[in-house]
>>> print(open('protein_21.txt').read())   # compact mmCIF, C-alpha atoms
# COMPACT_ATOMS: atom_id res chain seq x y z
CA MET A 1 101.73 23.57 63.80
CA GLN A 2 98.33 22.66 65.25
CA ALA A 3 99.76 22.56 68.78
CA PHE A 4 101.40 25.96 68.27
CA LEU A 5 98.18 27.53 66.95
CA LYS A 6 96.19 26.06 69.82
CA THR A 7 98.64 27.41 72.40
CA LEU A 8 98.61 30.82 70.70
CA ARG A 9 94.81 30.87 70.51
CA TRP A 10 94.39 30.02 74.18
CA THR A 11 97.02 32.55 75.23
CA VAL A 12 95.40 35.38 73.27
CA GLY A 13 91.88 34.40 74.33
CA LEU A 14 92.72 34.12 78.02
CA LEU A 15 94.64 37.42 77.97
CA PHE A 16 91.62 39.24 76.50
CA ILE A 17 89.30 37.61 79.04
CA PHE A 18 91.64 38.40 81.93
CA SER A 19 92.13 42.00 80.81
CA GLY A 20 88.38 42.48 80.39
CA LEU A 21 87.56 40.92 83.77
CA ILE A 22 90.08 43.12 85.59
CA LYS A 23 88.52 46.23 84.07
CA ALA A 24 84.94 44.92 84.47
CA ASN A 25 85.70 44.66 88.19
CA ASP A 26 85.82 48.48 88.17
CA PRO A 27 84.09 49.91 85.07
CA LEU A 28 84.05 53.40 86.57
CA GLY A 29 87.83 53.27 86.79
CA LEU A 30 88.06 52.66 83.05
CA SER A 31 85.56 55.43 82.36
CA TYR A 32 87.74 57.86 84.34
CA LYS A 33 90.76 56.74 82.30
CA MET A 34 88.76 57.36 79.12
CA GLN A 35 87.97 60.86 80.35
CA GLU A 36 91.70 61.44 80.82
CA PHE A 37 92.30 60.62 77.15
CA PHE A 38 89.28 62.73 76.11
CA GLU A 39 90.67 65.71 78.02
CA VAL A 40 94.09 65.42 76.38
CA TRP A 41 92.48 65.12 72.92
CA GLY A 42 90.06 68.00 73.49
CA LEU A 43 87.02 65.69 73.39
CA ALA A 44 85.58 66.52 76.81
CA PHE A 45 82.06 66.42 75.36
CA LEU A 46 82.40 62.61 75.32
CA ASP A 47 82.76 62.44 79.12
CA ASP A 48 79.03 61.82 79.56
CA TYR A 49 79.33 58.68 77.42
CA SER A 50 82.50 57.32 79.05
CA LEU A 51 80.72 54.89 81.41
CA ALA A 52 78.59 53.42 78.60
CA LEU A 53 81.73 53.06 76.47
CA SER A 54 83.54 51.42 79.38
CA LEU A 55 80.76 48.87 79.95
CA PHE A 56 80.63 48.11 76.22
CA MET A 57 84.40 47.75 75.78
CA ASN A 58 84.76 45.46 78.81
CA THR A 59 81.95 43.22 77.60
CA LEU A 60 83.28 43.15 74.05
CA GLU A 61 86.80 42.25 75.21
CA ILE A 62 85.63 39.36 77.40
CA VAL A 63 83.07 37.94 74.96
CA ALA A 64 85.59 38.15 72.10
CA GLY A 65 88.06 36.20 74.23
CA VAL A 66 85.43 33.54 74.92
CA ALA A 67 84.53 33.38 71.22
CA LEU A 68 88.19 32.74 70.39
CA LEU A 69 88.43 29.90 72.90
CA ILE A 70 85.30 28.15 71.61
CA LYS A 71 86.28 28.97 67.99
CA PHE A 72 82.86 30.41 67.20
CA PRO A 73 82.65 32.33 64.96
CA TYR A 74 86.39 31.91 64.47
CA LYS A 75 87.40 34.05 61.48
CA GLN A 76 85.04 36.90 62.39
CA THR A 77 86.34 36.87 65.98
CA LEU A 78 89.93 37.16 64.77
CA TRP A 79 89.04 40.19 62.66
CA LEU A 80 87.30 41.73 65.68
CA LEU A 81 90.30 41.06 67.91
CA LEU A 82 92.60 42.53 65.26
CA GLY A 83 90.53 45.73 65.27
CA LEU A 84 90.60 45.86 69.07
CA ILE A 85 94.34 45.29 69.35
CA VAL A 86 95.12 47.90 66.69
CA PHE A 87 93.03 50.38 68.70
CA PHE A 88 94.69 49.38 71.99
CA THR A 89 98.15 49.60 70.41
CA PHE A 90 97.35 53.12 69.26
CA LEU A 91 96.30 54.09 72.81
CA THR A 92 99.34 52.58 74.50
CA GLY A 93 101.62 54.00 71.82
CA TYR A 94 100.12 57.45 72.35
CA ALA A 95 100.59 57.15 76.11
CA LEU A 96 104.20 56.06 75.63
CA PHE A 97 105.39 58.49 72.96
CA SER A 98 103.36 61.58 73.96
CA GLY A 99 104.13 61.33 77.67
CA LYS A 100 100.73 62.91 78.41
CA ILE A 101 99.19 59.77 79.94
CA LYS A 102 100.97 57.99 82.81
CA THR A 103 99.20 54.64 82.46
CA CYS A 104 96.84 53.28 79.82
CA GLY A 105 94.61 51.34 82.23
CA CYS A 106 95.06 48.08 80.28
CA PHE A 107 94.68 45.96 83.42
CA GLY A 108 92.89 48.56 85.53
CA ASP A 109 94.25 49.69 88.90
CA CYS A 110 94.89 46.12 90.03
CA ILE A 111 97.87 45.60 87.72
CA PRO A 112 99.28 49.01 86.77
CA LEU A 113 101.57 48.78 83.76
CA THR A 114 103.93 51.43 82.45
CA PRO A 115 103.15 52.75 78.95
CA LYS A 116 106.27 50.97 77.65
CA VAL A 117 105.25 47.55 78.98
CA SER A 118 101.67 48.08 77.77
CA PHE A 119 102.83 49.01 74.28
CA ILE A 120 105.16 46.00 74.00
CA LYS A 121 102.36 43.71 75.21
CA ASP A 122 99.98 45.03 72.57
CA VAL A 123 102.54 44.75 69.77
CA VAL A 124 103.18 41.09 70.71
CA LEU A 125 99.43 40.42 70.78
CA LEU A 126 99.07 42.14 67.42
CA PHE A 127 101.56 39.75 65.82
CA ALA A 128 99.96 36.76 67.57
CA ILE A 129 96.51 37.65 66.21
CA LEU A 130 97.93 38.16 62.72
CA ILE A 131 99.49 34.68 62.85
CA LEU A 132 96.15 33.19 63.89
CA LEU A 133 94.32 35.12 61.18
CA PHE A 134 96.71 34.02 58.42
CA ASN A 135 96.29 30.40 59.53
CA HIS A 136 92.57 30.48 60.34
CA LYS A 137 91.76 27.80 57.71
CA LYS A 138 93.89 25.29 59.62
CA VAL A 139 91.61 25.55 62.68
CA LYS A 140 88.21 23.84 62.65
CA SER A 141 85.37 24.15 65.14
CA ASN A 142 83.13 21.21 66.04
CA LEU A 143 80.84 23.41 68.12
CA SER A 144 77.22 23.58 66.99
CA LYS A 145 75.90 27.00 66.02
CA SER A 146 73.15 26.93 68.66
CA LEU A 147 75.58 26.05 71.47
CA GLY A 148 78.03 28.72 70.31
CA ILE A 149 75.33 31.39 70.30
CA PHE A 150 74.12 30.25 73.74
CA LEU A 151 77.63 30.47 75.23
CA LEU A 152 78.20 33.95 73.83
CA ILE A 153 74.82 35.20 75.08
CA LEU A 154 75.51 33.64 78.48
CA SER A 155 78.93 35.31 78.64
CA THR A 156 77.43 38.67 77.70
CA GLY A 157 74.74 38.35 80.36
CA LEU A 158 77.16 37.36 83.11
CA VAL A 159 79.56 40.18 82.31
CA GLY A 160 76.72 42.68 82.13
CA TYR A 161 75.31 41.60 85.49
CA GLY A 162 78.77 41.62 87.09
CA GLN A 163 79.40 45.19 86.00
CA TYR A 164 75.94 46.29 87.14
CA TYR A 165 76.67 44.75 90.53
CA THR A 166 79.95 46.62 90.97
CA LEU A 167 78.25 49.92 90.13
CA GLN A 168 75.84 49.30 93.03
CA HIS A 169 78.06 47.58 95.57
CA LEU A 170 81.69 48.67 94.87
CA PRO A 171 84.24 46.51 92.99
CA PHE A 172 84.57 42.82 93.94
CA ILE A 173 88.30 43.39 94.47
CA ASP A 174 89.37 46.82 95.74
CA CYS A 175 92.76 47.63 94.20
CA LEU A 176 92.73 51.32 95.14
CA PRO A 177 94.79 52.92 97.92
CA TYR A 178 91.61 53.56 99.94
CA LYS A 179 90.79 49.89 100.42
CA ARG A 180 89.83 48.38 103.75
CA GLY A 181 92.79 47.92 106.09
CA ASN A 182 94.95 50.65 104.54
CA ASP A 183 96.37 53.49 106.61
CA ILE A 184 95.82 56.76 104.74
CA LYS A 185 98.82 58.42 106.41
CA GLU A 186 101.08 55.57 105.31
CA GLN A 187 99.68 55.73 101.78
CA MET A 188 100.53 59.46 101.70
CA LYS A 189 104.22 58.88 102.43
CA THR A 190 106.69 59.14 99.56
CA PRO A 191 108.54 55.82 99.12
CA GLU A 192 112.20 55.74 100.07
CA GLY A 193 114.44 56.36 97.07
CA ALA A 194 111.75 58.14 95.07
CA ILE A 195 113.06 60.56 92.45
CA PRO A 196 110.37 62.93 91.15
CA ASP A 197 110.19 64.21 87.60
CA SER A 198 112.22 67.36 87.04
CA VAL A 199 110.08 69.92 85.25
CA SER A 200 110.37 73.50 84.13
CA ILE A 201 107.40 75.87 84.10
CA GLN A 202 107.53 77.69 80.76
CA MET A 203 105.65 80.98 80.50
CA SER A 204 104.40 82.42 77.21
CA PHE A 205 103.84 86.18 76.80
CA LEU A 206 103.08 88.43 73.86
CA LYS A 207 105.63 91.24 73.51
CA GLU A 208 105.39 93.74 70.64
CA GLY A 209 103.50 91.26 68.47
CA LYS A 210 105.91 88.39 69.13
CA THR A 211 105.52 85.38 71.42
CA VAL A 212 108.22 85.27 74.10
CA GLN A 213 108.85 82.20 76.25
CA PHE A 214 110.94 81.88 79.39
CA ASP A 215 111.26 79.85 82.57
CA ILE A 216 109.16 80.97 85.53
CA ASN A 217 112.36 81.39 87.56
CA GLN A 218 114.12 83.45 84.87
CA PHE A 219 111.98 86.47 84.03
CA PRO A 220 113.58 88.97 81.63
CA SER A 221 115.11 92.05 83.25
CA ASP A 222 112.77 94.39 81.35
CA PHE A 223 109.58 92.54 82.33
CA ASP A 224 106.70 94.97 82.73
CA SER A 225 103.04 95.47 81.77
CA THR A 226 103.91 95.41 78.06
CA TYR A 227 104.24 91.62 78.38
CA VAL A 228 100.76 90.15 77.81
CA TYR A 229 100.25 86.71 79.38
CA GLN A 230 99.25 83.92 77.00
CA ASP A 231 99.92 80.52 78.51
CA ARG A 232 102.02 78.37 80.85
CA LYS A 233 103.01 74.73 80.58
CA GLU A 234 105.20 72.14 82.26
CA VAL A 235 108.20 70.91 80.29
CA LEU A 236 109.82 67.64 81.40
CA ILE A 237 113.54 68.13 81.97
CA GLN A 238 114.42 64.75 83.44
CA LYS A 239 112.23 61.72 84.06
CA GLY A 240 112.06 60.44 87.65
CA ASN A 241 111.97 56.79 88.66
CA GLY A 242 108.16 56.65 88.90
CA LEU A 243 108.05 56.05 92.66
CA GLU A 244 105.51 58.25 94.39
CA ALA A 245 103.04 58.18 97.24
CA LYS A 246 99.92 56.09 96.62
CA ILE A 247 97.75 58.98 97.86
CA VAL A 248 98.77 62.51 96.92
CA ASP A 249 95.53 64.48 97.03
CA PHE A 250 93.83 63.68 100.35
CA SER A 251 92.92 67.07 101.83
CA LEU A 252 89.70 67.95 103.62
CA PHE A 253 88.45 71.46 104.35
CA THR A 254 85.51 72.78 106.34
CA ILE A 255 82.84 74.96 104.77
CA ASN A 256 84.86 77.95 106.04
CA ASN A 257 87.96 76.68 104.19
CA LEU A 258 89.82 75.46 107.29
CA ASP A 259 92.16 72.53 106.60
CA THR A 260 91.06 69.76 108.95
CA THR A 261 92.94 66.84 107.36
CA GLU A 262 95.56 66.28 110.05
CA SER A 263 93.23 66.73 113.02
CA LEU A 264 90.66 64.37 111.48
CA LEU A 265 93.20 61.60 110.82
CA ASN A 266 94.37 61.91 114.43
CA THR A 267 90.87 61.51 115.89
CA LYS A 268 91.06 59.13 118.85
CA GLU A 269 87.62 57.58 118.57
CA PRO A 270 86.09 55.80 115.55
CA TYR A 271 84.35 58.05 113.04
CA VAL A 272 82.65 57.79 109.65
CA LEU A 273 83.42 59.53 106.38
CA LEU A 274 80.48 59.57 103.98
CA PHE A 275 81.90 60.09 100.47
CA SER A 276 79.84 61.55 97.64
CA GLY A 277 81.46 63.68 94.93
CA THR A 278 78.15 65.23 93.92
CA ILE A 279 74.92 65.38 95.89
CA ASP A 280 71.98 63.48 94.41
CA ASN A 281 68.69 64.23 96.16
CA SER A 282 67.33 60.82 95.13
CA ARG A 283 69.65 59.09 97.62
CA PRO A 284 68.19 58.08 101.04
CA TRP A 285 70.45 60.46 102.93
CA LYS A 286 68.46 60.80 106.14
CA ASP A 287 67.83 57.06 106.49
CA LEU A 288 71.49 56.33 105.86
CA ILE A 289 72.78 58.90 108.34
CA ALA A 290 70.25 57.83 110.96
CA LYS A 291 71.48 54.24 110.68
CA ILE A 292 75.13 55.29 110.87
CA LYS A 293 74.46 57.38 113.99
CA GLN A 294 73.07 54.32 115.76
CA LYS A 295 76.67 53.10 116.07
CA HIS A 296 78.87 56.16 115.49
CA ALA A 297 78.66 59.61 117.01
CA LEU A 298 81.09 61.27 114.61
CA VAL A 299 79.87 61.37 111.00
CA TYR A 300 81.23 63.65 108.25
CA LEU A 301 80.01 64.20 104.71
CA VAL A 302 82.92 64.44 102.25
CA THR A 303 81.95 66.05 98.96
CA ALA A 304 83.09 68.39 96.20
CA ASP A 305 79.53 69.71 95.81
CA LYS A 306 79.58 72.41 98.48
CA ALA A 307 76.41 74.27 97.48
CA ASN A 308 74.08 71.27 97.21
CA ALA A 309 75.52 69.64 100.33
CA ALA A 310 74.62 72.68 102.41
CA GLN A 311 71.07 72.66 101.04
CA LEU A 312 70.49 69.09 102.22
CA GLN A 313 70.61 70.19 105.88
CA LEU A 314 71.72 66.76 107.07
CA ASP A 315 72.83 67.92 110.52
CA ILE A 316 76.35 66.52 110.12
CA PRO A 317 79.60 68.41 109.40
CA ILE A 318 80.42 68.92 105.73
CA LEU A 319 84.00 68.54 104.52
CA ILE A 320 85.07 69.64 101.07
CA GLY A 321 87.49 67.44 99.13
CA ASP A 322 88.96 67.21 95.65
CA MET A 323 86.69 65.47 93.13
CA THR A 324 89.48 63.23 91.83
CA MET A 325 90.29 62.09 95.36
CA ILE A 326 86.63 61.30 96.04
CA LYS A 327 86.33 59.35 92.77
CA THR A 328 89.32 57.27 93.84
CA ALA A 329 88.19 56.75 97.42
CA ALA A 330 84.61 55.77 96.58
CA ARG A 331 83.33 54.37 93.30
CA VAL A 332 79.71 54.37 94.52
CA TRP A 333 78.16 57.58 95.88
CA PRO A 334 77.56 57.72 98.72
CA SER A 335 79.98 55.23 100.25
CA VAL A 336 80.48 54.68 103.96
CA MET A 337 84.07 54.57 105.23
CA ILE A 338 84.46 53.69 108.91
CA MET A 339 87.74 55.07 110.26
CA ASN A 340 89.92 54.44 113.28
CA GLY A 341 92.37 57.31 113.23
CA SER A 342 93.88 57.18 109.73
CA THR A 343 93.11 53.47 109.20
CA ILE A 344 90.16 52.38 107.05
CA MET A 345 88.32 49.77 109.10
CA GLU A 346 85.33 49.22 106.81
CA LYS A 347 84.13 50.45 103.44
CA GLN A 348 80.69 49.85 101.93
CA SER A 349 78.32 51.36 99.41
CA TYR A 350 75.20 52.96 100.85
CA VAL A 351 73.14 50.10 99.38
CA ASP A 352 75.02 47.47 101.38
CA TYR A 353 75.17 49.55 104.55
CA LEU A 354 71.41 50.06 104.61
CA LYS A 355 70.91 46.28 104.25
CA LYS A 356 72.94 45.50 107.39
>>> encode(input="protein_21.txt", output="structure tokens")
Amino acid sequence: MQAFLKTLRWTVGLLFIFSGLIKANDPLGLSYKMQEFFEVWGLAFLDDYSLALSLFMNTLEIVAGVALLIKFPYKQTLWLLLGLIVFFTFLTGYALFSGKIKTCGCFGDCIPLTPKVSFIKDVVLLFAILILLFNHKKVKSNLSKSLGIFLLILSTGLVGYGQYYTLQHLPFIDCLPYKRGNDIKEQMKTPEGAIPDSVSIQMSFLKEGKTVQFDINQFPSDFDSTYVYQDRKEVLIQKGNGLEAKIVDFSLFTINNLDTTESLLNTKEPYVLLFSGTIDNSRPWKDLIAKIKQKHALVYLVTADKANAAQLQLDIPILIGDMTMIKTAARVWPSVMIMNGSTIMEKQSYVDYLKK
């Protein structure tokens, strides 16, 4: 029994540490996933707190895993882990049974899991933690209180510093489709054998005091101005096989709304894309651009903040892109992406580029 409990304890502890480390590698990624849940639940007012919640949850998950391994404080740690796994099981269960969330973000973007796999994993962990909790009296810790506290404080400090570092210098491991060496055109291709979801667009109108619903392709024969529009929604008819292009939203437009995506990706000489979803005047824009221009003649600012970008007067072309795409391409704003055609040759945060 002791060997079984030890194996179970180490398995649970290491899984929590591994899961936390994967997400701590990219805390902004988890905060974006939280915002996805907030949007579905109508809690968008929590978006401003998503990064703080992400940093806290990652730290808590890792430190709790460490506490389980060192068995200090053992019973309290098991209760904490039970609370966490119940919460995680609720999230993965919601993602699975509601169909409104594609992935739960349990292992970040590095190890994407389907809602079904995530839910099963959490249910198994739930039972494992319950077994440990029911048998907690059979496990003794020989660790001194002072050493236990020191190890937990050290773990907290290391995790905190690691997350701070990634927020300044990009993730240690880039698991996103815009990582160095990737070809954006290739990432935009739909995989062979992909079967997309089959959906129906259902329209809702008010007609003579009653709500009438119909498919967008099957309007009633008497449709006229007496039908008052209310809502539209997608209804899943048949689930696809989940295969889709890694990049689906890479489109760049000039200030005058001219699509320049294809011509840019076919540029024959090296060029630089400077990603920043919003424009923060506290950033050293002029110093950064001056340094980039020492090596590269073609420099473009990619942003979703059209108005503020124009006010900066940076003397480089401004390209407008989707905010979600920019969040995926660059976790730190601004980030420097050196391109050769459609291939990403180098990718750095502005902090690291200015230090070169």
>>> closest_residue(input="protein_21.txt", among="A:Leu84, A:Cys104, A:Met337, A:Ile247", to="Lys23 (chain A)", atoms="all atoms listed in the file")
A:Cys104
>>> closest_residue(input="protein_21.txt", among="A:Phe38, A:Met339, A:Leu43, A:Tyr164", to="His296 (chain A)", atoms="all atoms listed in the file")
A:Met339
>>> residues_around(input="protein_21.txt", residues="region 329-331 of chain A", least_positions_apart="3", cutoff="7 Å", atoms="all atoms listed in the file", output="PyMOL selection string")
chain A and resi 28+170+178+275+325-326+335
>>> closest_residue(input="protein_21.txt", among="A:Asp109, A:Glu61, A:Asp183, A:Asp174", to="Tyr32 (chain A)", atoms="all atoms listed in the file")
A:Asp109
>>> closest_residue(input="protein_21.txt", among="A:Cys110, A:Met57, A:Val40, A:Leu151", to="Ile70 (chain A)", atoms="all atoms listed in the file")
A:Leu151
>>> closest_atom_pairs(input="protein_21.txt", of="region 3-116 of chain A", to="region 137-145 of chain A", cutoff="12 Å", atoms="all atoms listed in the file", output="tab-separated table")
residue	atom	partner	partner_atom	distance
A:Ala3	CA	A:Val139	CA	10.6
A:Phe4	CA	A:Val139	CA	11.3
A:Leu5	CA	A:Val139	CA	8.1
A:Lys6	CA	A:Val139	CA	8.5
A:Leu8	CA	A:Val139	CA	11.9
A:Arg9	CA	A:Val139	CA	10.0
A:Ala67	CA	A:Leu143	CA	11.1
A:Leu68	CA	A:Ser141	CA	10.5
A:Leu69	CA	A:Ser141	CA	10.1
A:Ile70	CA	A:Leu143	CA	7.4
A:Lys71	CA	A:Ser141	CA	5.7
A:Phe72	CA	A:Ser141	CA	7.1
A:Pro73	CA	A:Ser141	CA	8.6
A:Tyr74	CA	A:Ser141	CA	7.9
A:Lys75	CA	A:Lys137	CA	8.5
A:Leu78	CA	A:Lys137	CA	11.9
>>> residues_around(input="protein_21.txt", residues="Gln163 (chain A)", least_positions_apart="2", cutoff="12 Å", atoms="only C-alpha atoms", output="PyMOL selection string")
chain A and resi 20-30+51-52+54-59+156-161+165-172
>>> closest_residue(input="protein_21.txt", among="A:Leu147, A:Ile316, A:Ile344, A:Leu82", to="Pro270 (chain A)", atoms="only C-alpha atoms")
A:Ile344
>>> decode(input="protein_21.txt", residues="region 292-327 of chain A", atoms="N, CA and C atoms", output="PDB file, in the first residue's frame")
ATOM      1  N   ILE A 292      16.357  48.890 -36.088  1.00  0.00           N
ATOM      2  CA  ILE A 292      15.949  47.925 -37.114  1.00  0.00           C
ATOM      3  C   ILE A 292      16.404  48.394 -38.493  1.00  0.00           C
ATOM      4  N   LYS A 293      16.253  49.696 -38.770  1.00  0.00           N
ATOM      5  CA  LYS A 293      16.596  50.234 -40.089  1.00  0.00           C
ATOM      6  C   LYS A 293      18.094  50.211 -40.370  1.00  0.00           C
ATOM      7  N   GLN A 294      18.902  49.995 -39.355  1.00  0.00           N
ATOM      8  CA  GLN A 294      20.341  49.860 -39.593  1.00  0.00           C
ATOM      9  C   GLN A 294      20.652  48.607 -40.408  1.00  0.00           C
ATOM     10  N   LYS A 295      19.761  47.611 -40.332  1.00  0.00           N
ATOM     11  CA  LYS A 295      19.984  46.352 -41.041  1.00  0.00           C
ATOM     12  C   LYS A 295      18.932  46.047 -42.103  1.00  0.00           C
ATOM     13  N   HIS A 296      17.736  46.648 -41.956  1.00  0.00           N
ATOM     14  CA  HIS A 296      16.635  46.295 -42.850  1.00  0.00           C
ATOM     15  C   HIS A 296      15.951  47.548 -43.385  1.00  0.00           C
ATOM     16  N   ALA A 297      15.799  47.580 -44.703  1.00  0.00           N
ATOM     17  CA  ALA A 297      15.186  48.748 -45.332  1.00  0.00           C
ATOM     18  C   ALA A 297      13.668  48.710 -45.253  1.00  0.00           C
ATOM     19  N   LEU A 298      13.105  47.512 -45.271  1.00  0.00           N
ATOM     20  CA  LEU A 298      11.648  47.370 -45.264  1.00  0.00           C
ATOM     21  C   LEU A 298      11.154  47.023 -43.853  1.00  0.00           C
ATOM     22  N   VAL A 299      10.438  47.953 -43.254  1.00  0.00           N
ATOM     23  CA  VAL A 299       9.903  47.758 -41.902  1.00  0.00           C
ATOM     24  C   VAL A 299       8.438  48.159 -41.899  1.00  0.00           C
ATOM     25  N   TYR A 300       7.576  47.278 -41.346  1.00  0.00           N
ATOM     26  CA  TYR A 300       6.139  47.536 -41.300  1.00  0.00           C
ATOM     27  C   TYR A 300       5.637  47.390 -39.864  1.00  0.00           C
ATOM     28  N   LEU A 301       4.774  48.302 -39.456  1.00  0.00           N
ATOM     29  CA  LEU A 301       4.124  48.195 -38.162  1.00  0.00           C
ATOM     30  C   LEU A 301       2.794  47.471 -38.346  1.00  0.00           C
ATOM     31  N   VAL A 302       2.605  46.357 -37.647  1.00  0.00           N
ATOM     32  CA  VAL A 302       1.362  45.595 -37.711  1.00  0.00           C
ATOM     33  C   VAL A 302       0.605  45.813 -36.414  1.00  0.00           C
ATOM     34  N   THR A 303      -0.590  46.376 -36.506  1.00  0.00           N
ATOM     35  CA  THR A 303      -1.350  46.717 -35.312  1.00  0.00           C
ATOM     36  C   THR A 303      -2.845  46.645 -35.579  1.00  0.00           C
ATOM     37  N   ALA A 304      -3.623  46.602 -34.515  1.00  0.00           N
ATOM     38  CA  ALA A 304      -5.079  46.705 -34.627  1.00  0.00           C
ATOM     39  C   ALA A 304      -5.539  48.089 -34.183  1.00  0.00           C
ATOM     40  N   ASP A 305      -4.583  48.894 -33.718  1.00  0.00           N
ATOM     41  CA  ASP A 305      -4.861  50.222 -33.168  1.00  0.00           C
ATOM     42  C   ASP A 305      -4.554  51.276 -34.233  1.00  0.00           C
ATOM     43  N   LYS A 306      -5.430  51.381 -35.207  1.00  0.00           N
ATOM     44  CA  LYS A 306      -5.194  52.234 -36.371  1.00  0.00           C
ATOM     45  C   LYS A 306      -5.021  53.709 -36.005  1.00  0.00           C
ATOM     46  N   ALA A 307      -5.889  54.220 -35.169  1.00  0.00           N
ATOM     47  CA  ALA A 307      -5.869  55.651 -34.843  1.00  0.00           C
ATOM     48  C   ALA A 307      -4.579  56.048 -34.133  1.00  0.00           C
ATOM     49  N   ASN A 308      -4.212  55.347 -33.075  1.00  0.00           N
ATOM     50  CA  ASN A 308      -3.009  55.701 -32.322  1.00  0.00           C
ATOM     51  C   ASN A 308      -1.734  55.439 -33.100  1.00  0.00           C
ATOM     52  N   ALA A 309      -1.756  54.441 -33.980  1.00  0.00           N
ATOM     53  CA  ALA A 309      -0.574  54.154 -34.794  1.00  0.00           C
ATOM     54  C   ALA A 309      -0.276  55.310 -35.729  1.00  0.00           C
ATOM     55  N   ALA A 310      -1.316  55.876 -36.311  1.00  0.00           N
ATOM     56  CA  ALA A 310      -1.128  57.013 -37.226  1.00  0.00           C
ATOM     57  C   ALA A 310      -0.594  58.235 -36.490  1.00  0.00           C
ATOM     58  N   GLN A 311      -0.990  58.411 -35.236  1.00  0.00           N
ATOM     59  CA  GLN A 311      -0.549  59.569 -34.461  1.00  0.00           C
ATOM     60  C   GLN A 311       0.923  59.498 -34.075  1.00  0.00           C
ATOM     61  N   LEU A 312       1.486  58.289 -34.057  1.00  0.00           N
ATOM     62  CA  LEU A 312       2.893  58.144 -33.679  1.00  0.00           C
ATOM     63  C   LEU A 312       3.842  58.768 -34.693  1.00  0.00           C
ATOM     64  N   GLN A 313       3.417  58.793 -35.970  1.00  0.00           N
ATOM     65  CA  GLN A 313       4.246  59.347 -37.053  1.00  0.00           C
ATOM     66  C   GLN A 313       5.644  58.726 -37.046  1.00  0.00           C
ATOM     67  N   LEU A 314       5.678  57.407 -37.216  1.00  0.00           N
ATOM     68  CA  LEU A 314       6.942  56.667 -37.135  1.00  0.00           C
ATOM     69  C   LEU A 314       7.675  56.570 -38.466  1.00  0.00           C
ATOM     70  N   ASP A 315       7.099  57.068 -39.504  1.00  0.00           N
ATOM     71  CA  ASP A 315       7.738  57.077 -40.828  1.00  0.00           C
ATOM     72  C   ASP A 315       7.985  55.659 -41.353  1.00  0.00           C
ATOM     73  N   ILE A 316       7.103  54.735 -41.024  1.00  0.00           N
ATOM     74  CA  ILE A 316       7.122  53.400 -41.614  1.00  0.00           C
ATOM     75  C   ILE A 316       5.679  53.039 -41.969  1.00  0.00           C
ATOM     76  N   PRO A 317       5.467  52.183 -42.966  1.00  0.00           N
ATOM     77  CA  PRO A 317       4.102  51.807 -43.347  1.00  0.00           C
ATOM     78  C   PRO A 317       3.367  51.119 -42.198  1.00  0.00           C
ATOM     79  N   ILE A 318       2.085  51.413 -42.089  1.00  0.00           N
ATOM     80  CA  ILE A 318       1.241  50.811 -41.061  1.00  0.00           C
ATOM     81  C   ILE A 318       0.311  49.796 -41.713  1.00  0.00           C
ATOM     82  N   LEU A 319       0.296  48.586 -41.173  1.00  0.00           N
ATOM     83  CA  LEU A 319      -0.598  47.538 -41.649  1.00  0.00           C
ATOM     84  C   LEU A 319      -1.556  47.168 -40.529  1.00  0.00           C
ATOM     85  N   ILE A 320      -2.811  47.019 -40.869  1.00  0.00           N
ATOM     86  CA  ILE A 320      -3.840  46.725 -39.882  1.00  0.00           C
ATOM     87  C   ILE A 320      -4.155  45.229 -39.914  1.00  0.00           C
ATOM     88  N   GLY A 321      -4.092  44.608 -38.735  1.00  0.00           N
ATOM     89  CA  GLY A 321      -4.381  43.182 -38.626  1.00  0.00           C
ATOM     90  C   GLY A 321      -5.378  42.902 -37.519  1.00  0.00           C
ATOM     91  N   ASP A 322      -5.906  41.696 -37.508  1.00  0.00           N
ATOM     92  CA  ASP A 322      -6.858  41.270 -36.494  1.00  0.00           C
ATOM     93  C   ASP A 322      -6.164  41.164 -35.131  1.00  0.00           C
ATOM     94  N   MET A 323      -6.839  41.602 -34.080  1.00  0.00           N
ATOM     95  CA  MET A 323      -6.245  41.603 -32.748  1.00  0.00           C
ATOM     96  C   MET A 323      -5.907  40.190 -32.279  1.00  0.00           C
ATOM     97  N   THR A 324      -6.792  39.232 -32.548  1.00  0.00           N
ATOM     98  CA  THR A 324      -6.527  37.851 -32.139  1.00  0.00           C
ATOM     99  C   THR A 324      -5.283  37.312 -32.826  1.00  0.00           C
ATOM    100  N   MET A 325      -5.131  37.608 -34.096  1.00  0.00           N
ATOM    101  CA  MET A 325      -3.942  37.174 -34.832  1.00  0.00           C
ATOM    102  C   MET A 325      -2.677  37.770 -34.232  1.00  0.00           C
ATOM    103  N   ILE A 326      -2.726  39.047 -33.886  1.00  0.00           N
ATOM    104  CA  ILE A 326      -1.552  39.721 -33.322  1.00  0.00           C
ATOM    105  C   ILE A 326      -1.223  39.154 -31.944  1.00  0.00           C
ATOM    106  N   LYS A 327      -2.240  38.850 -31.143  1.00  0.00           N
ATOM    107  CA  LYS A 327      -2.014  38.243 -29.830  1.00  0.00           C
ATOM    108  C   LYS A 327      -1.325  36.889 -29.962  1.00  0.00           C
TER     109      LYS A 327
END
